[in-house]
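K.L.:
I'd like to ask you about the structure that follows.
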Protein chains: 2
Amino acid sequence: MRSSWKRWLLEKVYEGAGKPRVRLMFDDGPEIVPAEGPPAGTIRIRGWSTLAALALNADIAFGEAYTDRRIEVEGNLVDVLTAVSDAALARGRKRKRWSAAASAWLTLTQRNTRAGSQRNIHHHYDIGNDFYQLWLDERLLYTCAYFPHPAATLEQAQVAKMDHVCRKLRLKPGERVIEAGCGWGALAIHMARHYGVKVKAFNISREQIAFARWRAHQEQVSHLVEFIQDDYRNIQGGADVFVSVGMLEHVGKSHHAEFGRILSRTLGDAGRGLLHFIGRNYPAPLNAWIRKRIFPGGYPPALRDVMQIFEPADLAVLDIENLRQHYALTLEHWLERFERAVPKVAAMFDERFVRIWRLYLAGSAAAFHAGSLQLFQVVFAGRKCEAVPWTRAYLYEPTGETEWMRATS
Amino acid sequence: MRSSWKRWLLEKVYEGAGKPRVRLMFDDGPEIVPAEGPPAGTIRIRGWSTLAALALNADIAFGEAYTDRRIEVEGNLVDVLTAVSDAALARGRKRKRWSAAASAWLTLTQRNTRAGSQRNIHHHYDIGNDFYQLWLDERLLYTCAYFPHPAATLEQAQVAKMDHVCRKLRLKPGERVIEAGCGWGALAIHMARHYGVKVKAFNISREQIAFARWRAHQEQVSHLVEFIQDDYRNIQGGADVFVSVGMLEHVGKSHHAEFGRILSRTLGDAGRGLLHFIGRNYPAPLNAWIRKRIFPGGYPPALRDVMQIFEPADLAVLDIENLRQHYALTLEHWLERFERAVPKVAAMFDERFVRIWRLYLAGSAAAFHAGSLQLFQVVFAGRKCEAVPWTRAYLYEPTGETEWMRATS
């Protein structure tokens, strides 16, 4: 009798997940094998409470159980999670009541007010530069790279990304650039060194800002780049160009209009800019476990959400590029480096931390592979902007490729 | 005393228009000269009733008065109208009560139901192929061209546009393509001839369909292209690719979700497509006079509006390109050819018709110059689509330019 109960509950979990192409096993007991095709791998669930939690709210329960080894994955983790993401997309957008409630609770407690943003950003970005140095590229770019071809190294692809952004912006020497959310400063320094612009770069992570200032000093561009430890809402003064790479996901939908007012105030009607962000095909909250453990307050906007930024200021969208496949590859690179660094990570933190981060990196790669996340670069301009290119051909002229080719691997 | 009343009303009209950089004259009486810079030209208003109508609802009154010669424009018409559009954009989005009421009335009476679309399309596109042959390019493309460089001829630019669209779609021989709103068939024929695909092309304009069938016969691609005189809502069957150039403006915002269901039904989750349409930076109705006299039921959507098409079907936006400047130049070419053909047009129709069309073409060029209209090309794909390119570099490889260079001028 007990065995048939186990199977019934396991089947509920499997159906709730949209019947992914994976083998699902519960303890030593029943297992489910996908009806079609070879499974991408095996998910092994231990304990009644784990199974019950998965049935109630798989979004959070899966990550929590994986962290505690109550779930183990056999086979390639990215492949298994891609099959899970695929099934979730095919199943559609119905959400369970518990899952919706947990999501609403996170939205309420992780609001991106000034104080909230400070807490949310500190949680992720201030855990130690030495940790990020273990698995990011040498310049510490923690956003989607641009691989001119898939075999490019991560170092080359991150330099190519910065050049792709700079060329899209058509930077000219002497122009004033404001960067919102500058990470460890690589783009700000690159813009100053290679394009001769004056940059004011904002960030509220104190660890990142400290590192960025040191790097600007080393690279002898301190006279061109000012790193300001402050909230984007405090950006003052005008600029020719506004750029933000990987910050909009932390702004939150309810602050888009406010973000738009800051853009507009900075650029007037003659400026231009670029936003680079993780997005979605339609509005939906970020996975609840990722918000709980990795990115409190995170929201990857749909393009419709983003229009709230541009519309009130009459900013024209000039160019949108979707780099989804590039982020999947970037994450595969990070995951590979992370795995090599696991002994050091475990020594810095603990085994739970290692499993949380492995699941986050592999799960993100899976989300980009499956298409539940997208990566958008949006170029925009005011109606008096004179830097609007005639065509996009200049972005692909051979001269532009020399820079990333010179990047060391 | 009368003179000061005239001046007061003239000033009201001038202020209502946002103080454009033009000289405004009323009969032989008062005139207004812009406070800054040389005027782009002179707008001469005749008669009290004209001035009063402009004060009440300039959107419609300007076009009606221009048609009847109660308004004359001195100087370059496109420049004058660009100054007027510029001022309207700078003034912002407040609309007068009469103007809003007239707009609502047009929306109500020009709905794009099946019967409504039939009426609306017939009004514009069935006025005679011989008229359009007077001033369009030799292949009769009546949508924004793509000028690889601004000095390209209109003929070259229209071929380049078709190739740009085909390359964005990555057409492969033997693939099934559905085209919604095919005009005189140039793109469908081009896709079949040069890319070897099988096309089903829909259009409800009987004059255009008749011409398109004849051209397909002439070009010996009748076995590859089927021209179907039917509403896009009746599109049946699957396809690898869905393309629509210059039709979405006639679909109307309230039918976007329905249009999306047809896209989704046609493509499943492995297809891809391209929409090319006149759009806006933010949702706003089309100019009321243009709807009254030129495009009944027309609505140039904002990108936010367009997301209603893609979101429910989980279609990913891969690429958006804004070709606003190309449409301004296309319209300048059309206007120049139209002016050369004026004696023939006047003989075919009458002087009023000439003035209506001159104002429509010049006003559209002005709207694209000023930025109150945009031209978007949106490439999209289902999440199982395998034709997603790694980068967009292939669009700009030299081989792609041979085709338009061969086009005769």
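Labels used: A, B, ... for chains in the order of the structure tokens, numbers from 1 for residues in each chain, and numbers from 1 for ligands as shown.
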Given only C-alpha atoms, how would the per-residue table for chain B near chain A read, listing every residue at most 9 Å away with its closest atom pair and distance in Å to one decimal, sorted by chain and number, as JSON lines?
P.N.:
{"residue": "B:Leu89", "atom": "CA", "partner": "A:Asp314", "partner_atom": "CA", "distance": 8.7}
{"residue": "B:Tyr146", "atom": "CA", "partner": "A:Thr391", "partner_atom": "CA", "distance": 8.8}
{"residue": "B:Phe147", "atom": "CA", "partner": "A:Thr391", "partner_atom": "CA", "distance": 8.3}
{"residue": "B:Pro148", "atom": "CA", "partner": "A:Thr391", "partner_atom": "CA", "distance": 7.0}
{"residue": "B:His149", "atom": "CA", "partner": "A:Trp390", "partner_atom": "CA", "distance": 7.5}
{"residue": "B:Pro150", "atom": "CA", "partner": "A:Trp390", "partner_atom": "CA", "distance": 8.0}
{"residue": "B:Arg280", "atom": "CA", "partner": "A:Ala316", "partner_atom": "CA", "distance": 8.1}
{"residue": "B:Asn281", "atom": "CA", "partner": "A:Ala316", "partner_atom": "CA", "distance": 5.5}
{"residue": "B:Tyr282", "atom": "CA", "partner": "A:Glu311", "partner_atom": "CA", "distance": 5.0}
{"residue": "B:Pro283", "atom": "CA", "partner": "A:Glu311", "partner_atom": "CA", "distance": 8.3}
{"residue": "B:Ala302", "atom": "CA", "partner": "A:Glu311", "partner_atom": "CA", "distance": 8.9}
{"residue": "B:Leu303", "atom": "CA", "partner": "A:Arg304", "partner_atom": "CA", "distance": 7.4}
{"residue": "B:Arg304", "atom": "CA", "partner": "A:Arg304", "partner_atom": "CA", "distance": 4.9}
{"residue": "B:Asp305", "atom": "CA", "partner": "A:Arg304", "partner_atom": "CA", "distance": 8.1}
{"residue": "B:Val306", "atom": "CA", "partner": "A:Arg304", "partner_atom": "CA", "distance": 8.7}
{"residue": "B:Met307", "atom": "CA", "partner": "A:Arg304", "partner_atom": "CA", "distance": 6.2}
{"residue": "B:Gln308", "atom": "CA", "partner": "A:Arg304", "partner_atom": "CA", "distance": 8.7}
{"residue": "B:Phe310", "atom": "CA", "partner": "A:Asn281", "partner_atom": "CA", "distance": 7.6}
{"residue": "B:Glu311", "atom": "CA", "partner": "A:Tyr282", "partner_atom": "CA", "distance": 5.1}
{"residue": "B:Pro312", "atom": "CA", "partner": "A:Tyr282", "partner_atom": "CA", "distance": 7.6}
{"residue": "B:Asp314", "atom": "CA", "partner": "A:Asn281", "partner_atom": "CA", "distance": 5.8}
{"residue": "B:Leu315", "atom": "CA", "partner": "A:Asn281", "partner_atom": "CA", "distance": 6.6}
{"residue": "B:Ala316", "atom": "CA", "partner": "A:Asn281", "partner_atom": "CA", "distance": 5.5}
{"residue": "B:Val317", "atom": "CA", "partner": "A:Asn322", "partner_atom": "CA", "distance": 7.0}
{"residue": "B:Leu318", "atom": "CA", "partner": "A:Asn322", "partner_atom": "CA", "distance": 4.8}
{"residue": "B:Asp319", "atom": "CA", "partner": "A:Glu321", "partner_atom": "CA", "distance": 4.8}
{"residue": "B:Ile320", "atom": "CA", "partner": "A:Ile320", "partner_atom": "CA", "distance": 4.8}
{"residue": "B:Glu321", "atom": "CA", "partner": "A:Asp319", "partner_atom": "CA", "distance": 4.8}
{"residue": "B:Asn322", "atom": "CA", "partner": "A:Leu318", "partner_atom": "CA", "distance": 4.8}
{"residue": "B:Leu323", "atom": "CA", "partner": "A:Leu318", "partner_atom": "CA", "distance": 8.0}
{"residue": "B:Arg324", "atom": "CA", "partner": "A:Leu318", "partner_atom": "CA", "distance": 8.8}
{"residue": "B:Gln325", "atom": "CA", "partner": "A:Trp390", "partner_atom": "CA", "distance": 7.3}
{"residue": "B:His326", "atom": "CA", "partner": "A:Trp390", "partner_atom": "CA", "distance": 8.0}
{"residue": "B:Ala370", "atom": "CA", "partner": "A:Arg383", "partner_atom": "CA", "distance": 7.2}
{"residue": "B:Gly371", "atom": "CA", "partner": "A:Arg383", "partner_atom": "CA", "distance": 5.9}
{"residue": "B:Ser372", "atom": "CA", "partner": "A:Arg383", "partner_atom": "CA", "distance": 8.7}
{"residue": "B:Gln374", "atom": "CA", "partner": "A:Ala316", "partner_atom": "CA", "distance": 8.0}
{"residue": "B:Phe376", "atom": "CA", "partner": "A:Leu318", "partner_atom": "CA", "distance": 8.6}
{"residue": "B:Val378", "atom": "CA", "partner": "A:Ile320", "partner_atom": "CA", "distance": 8.9}
{"residue": "B:Arg383", "atom": "CA", "partner": "A:Gly371", "partner_atom": "CA", "distance": 5.9}
{"residue": "B:Lys384", "atom": "CA", "partner": "A:Ala370", "partner_atom": "CA", "distance": 8.4}
{"residue": "B:Trp390", "atom": "CA", "partner": "A:Gln325", "partner_atom": "CA", "distance": 7.3}
{"residue": "B:Thr391", "atom": "CA", "partner": "A:Pro148", "partner_atom": "CA", "distance": 7.0}
{"residue": "B:Arg392", "atom": "CA", "partner": "A:Tyr396", "partner_atom": "CA", "distance": 8.2}
{"residue": "B:Ala393", "atom": "CA", "partner": "A:Tyr396", "partner_atom": "CA", "distance": 5.6}
{"residue": "B:Tyr394", "atom": "CA", "partner": "A:Tyr396", "partner_atom": "CA", "distance": 8.8}
{"residue": "B:Leu395", "atom": "CA", "partner": "A:Ala393", "partner_atom": "CA", "distance": 8.2}
{"residue": "B:Tyr396", "atom": "CA", "partner": "A:Ala393", "partner_atom": "CA", "distance": 5.6}
{"residue": "B:Glu397", "atom": "CA", "partner": "A:Tyr396", "partner_atom": "CA", "distance": 8.3}
K.L.:
Suppose we keep C-alpha atoms; can you now write the selection as a PDB file, in the first residue's frame?
P.N.:
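result-v6.pdb, freshly written:
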ATOM      1  CA  LEU B  89       6.440  66.693 -30.212  1.00  0.00           C
ATOM      2  CA  TYR B 146      16.360  50.038 -47.120  1.00  0.00           C
ATOM      3  CA  PHE B 147      19.131  52.250 -48.480  1.00  0.00           C
ATOM      4  CA  PRO B 148      22.515  50.560 -47.984  1.00  0.00           C
ATOM      5  CA  HIS B 149      23.796  54.107 -48.377  1.00  0.00           C
ATOM      6  CA  PRO B 150      21.723  57.283 -48.773  1.00  0.00           C
ATOM      7  CA  ARG B 280       5.548  54.963 -32.519  1.00  0.00           C
ATOM      8  CA  ASN B 281       7.598  55.649 -29.412  1.00  0.00           C
ATOM      9  CA  TYR B 282       4.416  55.442 -27.329  1.00  0.00           C
ATOM     10  CA  PRO B 283       0.798  54.501 -28.014  1.00  0.00           C
ATOM     11  CA  ALA B 302       4.091  51.270 -30.209  1.00  0.00           C
ATOM     12  CA  LEU B 303       6.402  48.366 -29.386  1.00  0.00           C
ATOM     13  CA  ARG B 304       4.399  47.844 -26.209  1.00  0.00           C
ATOM     14  CA  ASP B 305       1.262  47.280 -28.312  1.00  0.00           C
ATOM     15  CA  VAL B 306       3.118  44.799 -30.492  1.00  0.00           C
ATOM     16  CA  MET B 307       4.123  42.682 -27.506  1.00  0.00           C
ATOM     17  CA  GLN B 308       0.444  41.637 -27.298  1.00  0.00           C
ATOM     18  CA  PHE B 310       4.257  37.820 -29.192  1.00  0.00           C
ATOM     19  CA  GLU B 311       3.690  37.351 -25.465  1.00  0.00           C
ATOM     20  CA  PRO B 312       0.752  34.912 -25.404  1.00  0.00           C
ATOM     21  CA  ASP B 314       5.859  32.750 -26.045  1.00  0.00           C
ATOM     22  CA  LEU B 315       7.540  34.045 -29.205  1.00  0.00           C
ATOM     23  CA  ALA B 316      10.977  35.499 -28.513  1.00  0.00           C
ATOM     24  CA  VAL B 317      11.953  38.844 -30.018  1.00  0.00           C
ATOM     25  CA  LEU B 318      15.353  38.248 -31.626  1.00  0.00           C
ATOM     26  CA  ASP B 319      16.044  41.536 -33.338  1.00  0.00           C
ATOM     27  CA  ILE B 320      14.404  44.936 -33.700  1.00  0.00           C
ATOM     28  CA  GLU B 321      15.752  47.513 -36.124  1.00  0.00           C
ATOM     29  CA  ASN B 322      14.442  51.049 -36.429  1.00  0.00           C
ATOM     30  CA  LEU B 323      14.582  52.326 -40.024  1.00  0.00           C
ATOM     31  CA  ARG B 324      12.945  55.710 -39.418  1.00  0.00           C
ATOM     32  CA  GLN B 325      15.473  57.630 -41.505  1.00  0.00           C
ATOM     33  CA  HIS B 326      15.014  55.191 -44.385  1.00  0.00           C
ATOM     34  CA  ALA B 370      10.782  64.658 -36.804  1.00  0.00           C
ATOM     35  CA  GLY B 371      10.408  61.285 -35.109  1.00  0.00           C
ATOM     36  CA  SER B 372       6.676  61.207 -34.480  1.00  0.00           C
ATOM     37  CA  GLN B 374       9.194  55.159 -36.513  1.00  0.00           C
ATOM     38  CA  PHE B 376      10.321  48.868 -36.959  1.00  0.00           C
ATOM     39  CA  VAL B 378      10.927  42.844 -35.660  1.00  0.00           C
ATOM     40  CA  ARG B 383      11.585  28.587 -28.579  1.00  0.00           C
ATOM     41  CA  LYS B 384      12.238  25.439 -30.626  1.00  0.00           C
ATOM     42  CA  TRP B 390      24.699  33.155 -33.563  1.00  0.00           C
ATOM     43  CA  THR B 391      25.349  36.843 -34.318  1.00  0.00           C
ATOM     44  CA  ARG B 392      23.945  39.327 -36.860  1.00  0.00           C
ATOM     45  CA  ALA B 393      27.273  39.618 -38.703  1.00  0.00           C
ATOM     46  CA  TYR B 394      25.974  37.449 -41.594  1.00  0.00           C
ATOM     47  CA  LEU B 395      23.466  40.197 -42.446  1.00  0.00           C
ATOM     48  CA  TYR B 396      26.311  42.507 -43.341  1.00  0.00           C
ATOM     49  CA  GLU B 397      28.623  40.141 -45.211  1.00  0.00           C
TER      50      GLU B 397
END
K.L.:
Counting only C-alpha atoms, what is within 7 Å of segment 261-267 of chain B, bar same-chain residues fewer than 4 positions away, as a count of residues only?
P.N.:
10
K.L.:
Using DSSP on the backbone coordinates, identify the residues of segment 54-186 of chain B assigned to strand (DSSP E); present them as a PyMOL selection string.
P.N.:
chain B and resi 71-74+176-180
K.L.:
Taking into account only C-alpha atoms, which residue in the set B:Ala100, B:Leu359, B:Leu169, B:Leu77 is nearest to Leu275 of chain B?
P.N.:
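Smallest separation from Leu275 of chain B among the options: B:Leu169.
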K.L.:
Per DSSP on the backbone, what are the helix (DSSP H, G or I) residues of segment 143-319 of chain B, as a ChimeraX atom specification?
P.N.:
/B:154-169,186-195,206-218,232-234,248-251,253-267,288-293,303-310
K.L.:
Using only C-alpha atoms, determine which residues lie at most 10 Å from His333 of chain A, disregarding the query and same-chain residues fewer than 5 positions distant; provide the list as a ChimeraX atom specification.
P.N.:
/A:135-137,153-154,327-328,338,361,365
K.L.:
Kindly give the distance, in Å, that separates atom CA of Ala341 of chain A and atom CA of Phe353 of chain A, rounded to a single decimal.
P.N.:
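Straight-line distance from atom CA of Ala341 of chain A to atom CA of Phe353 of chain A works out to 12.8 Å.
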K.L.:
Would you list the contacts of segment 16-28 of chain B as a compact mmCIF listing (two decimals) with N, CA and C atoms, in the first residue's frame, taking every protein, DNA or RNA residue within 8 Å and counting only C-alpha atoms, but skipping same-chain residues closer than 5 positions in sequence?
P.N.:
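Result file follows (out-v7.txt):
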# COMPACT_ATOMS: atom_id res chain seq x y z
N LYS B 6 -8.17 89.14 -34.72
CA LYS B 6 -7.49 88.24 -35.65
C LYS B 6 -6.16 87.77 -35.06
N LEU B 10 -5.05 84.04 -34.11
CA LEU B 10 -3.87 83.51 -34.78
C LEU B 10 -2.85 83.04 -33.75
N VAL B 33 5.91 85.59 -36.53
CA VAL B 33 7.23 85.13 -36.94
C VAL B 33 7.86 84.44 -35.74
N PRO B 34 8.47 83.27 -35.94
CA PRO B 34 9.03 82.55 -34.79
C PRO B 34 10.07 83.37 -34.05
N GLU B 36 12.75 82.42 -32.51
CA GLU B 36 14.15 82.04 -32.72
C GLU B 36 14.37 81.41 -34.08
N GLY B 37 15.48 81.70 -34.69
CA GLY B 37 15.90 81.05 -35.93
C GLY B 37 15.08 81.48 -37.12
N PRO B 38 15.61 81.26 -38.32
CA PRO B 38 14.85 81.60 -39.53
C PRO B 38 13.68 80.63 -39.70
N PRO B 39 12.51 81.10 -40.13
CA PRO B 39 11.38 80.19 -40.31
C PRO B 39 11.64 79.18 -41.43
N ALA B 40 11.07 77.98 -41.29
CA ALA B 40 11.24 76.93 -42.31
C ALA B 40 10.43 77.26 -43.55
N GLY B 41 9.48 78.20 -43.42
CA GLY B 41 8.63 78.57 -44.54
C GLY B 41 7.42 79.32 -44.01
N THR B 42 6.46 79.56 -44.87
CA THR B 42 5.29 80.34 -44.47
C THR B 42 4.01 79.52 -44.67
N ILE B 43 3.14 79.56 -43.65
CA ILE B 43 1.80 78.98 -43.80
C ILE B 43 0.82 80.14 -43.88
N ARG B 44 0.09 80.20 -44.97
CA ARG B 44 -0.82 81.30 -45.22
C ARG B 44 -2.26 80.79 -45.06
N ILE B 45 -2.97 81.38 -44.12
CA ILE B 45 -4.34 80.93 -43.82
C ILE B 45 -5.34 81.93 -44.38
N ARG B 46 -6.37 81.41 -45.08
CA ARG B 46 -7.36 82.32 -45.66
C ARG B 46 -8.72 82.09 -45.02
N GLY B 47 -9.33 83.15 -44.57
CA GLY B 47 -10.72 83.09 -44.10
C GLY B 47 -10.86 82.80 -42.62
N LEU B 51 -9.49 79.76 -39.82
CA LEU B 51 -8.76 80.05 -38.58
C LEU B 51 -9.49 79.46 -37.37
N ALA B 55 -8.32 76.48 -34.74
CA ALA B 55 -8.29 76.67 -33.29
C ALA B 55 -9.01 75.53 -32.58
N VAL B 80 8.56 72.60 -43.88
CA VAL B 80 7.54 73.30 -43.09
C VAL B 80 6.80 72.31 -42.19
N ALA B 83 8.90 71.13 -39.29
CA ALA B 83 8.90 72.13 -38.21
C ALA B 83 7.62 72.03 -37.39
N VAL B 84 6.50 71.80 -38.07
CA VAL B 84 5.22 71.65 -37.37
C VAL B 84 5.22 70.38 -36.50
N ASP B 86 7.86 68.80 -35.30
CA ASP B 86 8.84 69.06 -34.23
C ASP B 86 8.18 69.78 -33.06
N ALA B 87 7.45 70.83 -33.40
CA ALA B 87 6.81 71.64 -32.36
C ALA B 87 5.76 70.83 -31.61
N ALA B 88 5.01 70.00 -32.36
CA ALA B 88 3.98 69.18 -31.73
C ALA B 88 4.61 68.20 -30.75
N ALA B 90 7.54 68.60 -29.20
CA ALA B 90 8.10 69.35 -28.08
C ALA B 90 7.00 69.79 -27.11
N ARG B 91 5.81 70.06 -27.67
CA ARG B 91 4.68 70.51 -26.85
C ARG B 91 4.19 69.40 -25.93
K.L.:
At a cut-off of 12 Å, using only C-alpha atoms, what residues contact Phe211 of chain A? Leave out same-chain residues fewer than 2 positions from it and give the result as a VMD selection string.
P.N.:
chain A and resid 125 to 126 128 to 130 132 to 133 139 to 140 182 to 186 189 203 205 to 209 213 to 218 227 229
K.L.:
Let's have the selection written as a PDB file, in the first residue's frame, with N, CA and C atoms.
P.N.:
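That gives us result-v9.pdb:
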ATOM      1  N   TYR A 125      26.597  40.889  -4.084  1.00  0.00           N
ATOM      2  CA  TYR A 125      27.832  41.394  -4.695  1.00  0.00           C
ATOM      3  C   TYR A 125      28.940  41.675  -3.684  1.00  0.00           C
ATOM      4  N   ASP A 126      28.588  41.689  -2.399  1.00  0.00           N
ATOM      5  CA  ASP A 126      29.612  41.984  -1.397  1.00  0.00           C
ATOM      6  C   ASP A 126      30.095  40.753  -0.654  1.00  0.00           C
ATOM      7  N   GLY A 128      32.598  39.006  -1.429  1.00  0.00           N
ATOM      8  CA  GLY A 128      34.050  38.876  -1.518  1.00  0.00           C
ATOM      9  C   GLY A 128      34.556  38.857  -2.954  1.00  0.00           C
ATOM     10  N   ASN A 129      35.386  39.862  -3.281  1.00  0.00           N
ATOM     11  CA  ASN A 129      35.938  39.914  -4.632  1.00  0.00           C
ATOM     12  C   ASN A 129      36.786  38.679  -4.934  1.00  0.00           C
ATOM     13  N   ASP A 130      37.466  38.151  -3.889  1.00  0.00           N
ATOM     14  CA  ASP A 130      38.338  36.995  -4.122  1.00  0.00           C
ATOM     15  C   ASP A 130      37.526  35.768  -4.556  1.00  0.00           C
ATOM     16  N   TYR A 132      34.699  35.928  -6.494  1.00  0.00           N
ATOM     17  CA  TYR A 132      34.367  36.124  -7.906  1.00  0.00           C
ATOM     18  C   TYR A 132      35.602  35.963  -8.802  1.00  0.00           C
ATOM     19  N   GLN A 133      36.767  36.324  -8.256  1.00  0.00           N
ATOM     20  CA  GLN A 133      38.004  36.183  -9.046  1.00  0.00           C
ATOM     21  C   GLN A 133      38.339  34.720  -9.345  1.00  0.00           C
ATOM     22  N   ARG A 139      38.966  40.377 -16.009  1.00  0.00           N
ATOM     23  CA  ARG A 139      38.494  41.749 -15.781  1.00  0.00           C
ATOM     24  C   ARG A 139      37.253  41.791 -14.900  1.00  0.00           C
ATOM     25  N   LEU A 140      36.792  40.640 -14.458  1.00  0.00           N
ATOM     26  CA  LEU A 140      35.609  40.520 -13.592  1.00  0.00           C
ATOM     27  C   LEU A 140      34.343  41.100 -14.226  1.00  0.00           C
ATOM     28  N   CYS A 182      27.948  49.618 -12.262  1.00  0.00           N
ATOM     29  CA  CYS A 182      29.182  49.416 -13.037  1.00  0.00           C
ATOM     30  C   CYS A 182      29.948  48.166 -12.650  1.00  0.00           C
ATOM     31  N   GLY A 183      29.420  47.348 -11.742  1.00  0.00           N
ATOM     32  CA  GLY A 183      30.143  46.139 -11.337  1.00  0.00           C
ATOM     33  C   GLY A 183      31.533  46.477 -10.854  1.00  0.00           C
ATOM     34  N   TRP A 184      32.530  45.703 -11.296  1.00  0.00           N
ATOM     35  CA  TRP A 184      33.913  45.940 -10.867  1.00  0.00           C
ATOM     36  C   TRP A 184      34.612  46.928 -11.792  1.00  0.00           C
ATOM     37  N   GLY A 185      33.850  47.647 -12.608  1.00  0.00           N
ATOM     38  CA  GLY A 185      34.399  48.789 -13.338  1.00  0.00           C
ATOM     39  C   GLY A 185      35.001  48.511 -14.698  1.00  0.00           C
ATOM     40  N   ALA A 186      34.940  47.268 -15.160  1.00  0.00           N
ATOM     41  CA  ALA A 186      35.636  46.933 -16.411  1.00  0.00           C
ATOM     42  C   ALA A 186      35.157  47.762 -17.599  1.00  0.00           C
ATOM     43  N   ILE A 189      36.215  51.503 -17.409  1.00  0.00           N
ATOM     44  CA  ILE A 189      37.651  51.640 -17.698  1.00  0.00           C
ATOM     45  C   ILE A 189      37.913  51.419 -19.188  1.00  0.00           C
ATOM     46  N   ASN A 203      27.434  52.706  -8.483  1.00  0.00           N
ATOM     47  CA  ASN A 203      27.243  51.351  -7.971  1.00  0.00           C
ATOM     48  C   ASN A 203      27.039  51.476  -6.465  1.00  0.00           C
ATOM     49  N   SER A 205      27.454  48.693  -4.492  1.00  0.00           N
ATOM     50  CA  SER A 205      28.244  47.639  -3.835  1.00  0.00           C
ATOM     51  C   SER A 205      29.601  48.201  -3.460  1.00  0.00           C
ATOM     52  N   ARG A 206      29.897  48.253  -2.160  1.00  0.00           N
ATOM     53  CA  ARG A 206      31.154  48.903  -1.740  1.00  0.00           C
ATOM     54  C   ARG A 206      32.364  48.080  -2.117  1.00  0.00           C
ATOM     55  N   GLU A 207      32.230  46.749  -2.143  1.00  0.00           N
ATOM     56  CA  GLU A 207      33.370  45.892  -2.512  1.00  0.00           C
ATOM     57  C   GLU A 207      33.736  46.126  -3.976  1.00  0.00           C
ATOM     58  N   GLN A 208      32.715  46.214  -4.824  1.00  0.00           N
ATOM     59  CA  GLN A 208      32.971  46.412  -6.246  1.00  0.00           C
ATOM     60  C   GLN A 208      33.583  47.771  -6.521  1.00  0.00           C
ATOM     61  N   ILE A 209      33.033  48.806  -5.883  1.00  0.00           N
ATOM     62  CA  ILE A 209      33.546  50.163  -6.096  1.00  0.00           C
ATOM     63  C   ILE A 209      35.007  50.272  -5.668  1.00  0.00           C
ATOM     64  N   ARG A 213      37.987  51.304  -8.322  1.00  0.00           N
ATOM     65  CA  ARG A 213      38.879  52.466  -8.163  1.00  0.00           C
ATOM     66  C   ARG A 213      40.347  52.062  -8.259  1.00  0.00           C
ATOM     67  N   TRP A 214      40.656  50.928  -7.636  1.00  0.00           N
ATOM     68  CA  TRP A 214      42.030  50.445  -7.678  1.00  0.00           C
ATOM     69  C   TRP A 214      42.430  50.117  -9.122  1.00  0.00           C
ATOM     70  N   ARG A 215      41.510  49.490  -9.869  1.00  0.00           N
ATOM     71  CA  ARG A 215      41.812  49.130 -11.259  1.00  0.00           C
ATOM     72  C   ARG A 215      41.973  50.365 -12.146  1.00  0.00           C
ATOM     73  N   ALA A 216      41.130  51.367 -11.915  1.00  0.00           N
ATOM     74  CA  ALA A 216      41.241  52.607 -12.703  1.00  0.00           C
ATOM     75  C   ALA A 216      42.599  53.262 -12.455  1.00  0.00           C
ATOM     76  N   HIS A 217      43.043  53.211 -11.212  1.00  0.00           N
ATOM     77  CA  HIS A 217      44.349  53.758 -10.859  1.00  0.00           C
ATOM     78  C   HIS A 217      45.453  52.987 -11.588  1.00  0.00           C
ATOM     79  N   GLN A 218      45.385  51.674 -11.516  1.00  0.00           N
ATOM     80  CA  GLN A 218      46.358  50.809 -12.190  1.00  0.00           C
ATOM     81  C   GLN A 218      46.409  51.062 -13.683  1.00  0.00           C
ATOM     82  N   PHE A 227      34.323  56.748 -10.054  1.00  0.00           N
ATOM     83  CA  PHE A 227      33.441  55.710  -9.514  1.00  0.00           C
ATOM     84  C   PHE A 227      32.724  56.273  -8.291  1.00  0.00           C
ATOM     85  N   GLN A 229      29.967  55.693  -5.277  1.00  0.00           N
ATOM     86  CA  GLN A 229      29.219  54.689  -4.514  1.00  0.00           C
ATOM     87  C   GLN A 229      27.872  55.277  -4.114  1.00  0.00           C
TER      88      GLN A 229
END
K.L.:
Select, from B:Glu339, B:Ser244, B:Trp48, B:Asp79, the residue with the minimum atom-to-atom distance to Ala65 of chain B, counting only C-alpha atoms.
P.N.:
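Smallest separation from Ala65 of chain B among the options: B:Trp48.
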K.L.:
Separation of atom CA of Ile32 of chain A and atom CA of Tyr14 of chain A, in Å?
P.N.:
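Straight-line distance from atom CA of Ile32 of chain A to atom CA of Tyr14 of chain A works out to 8.0 Å.
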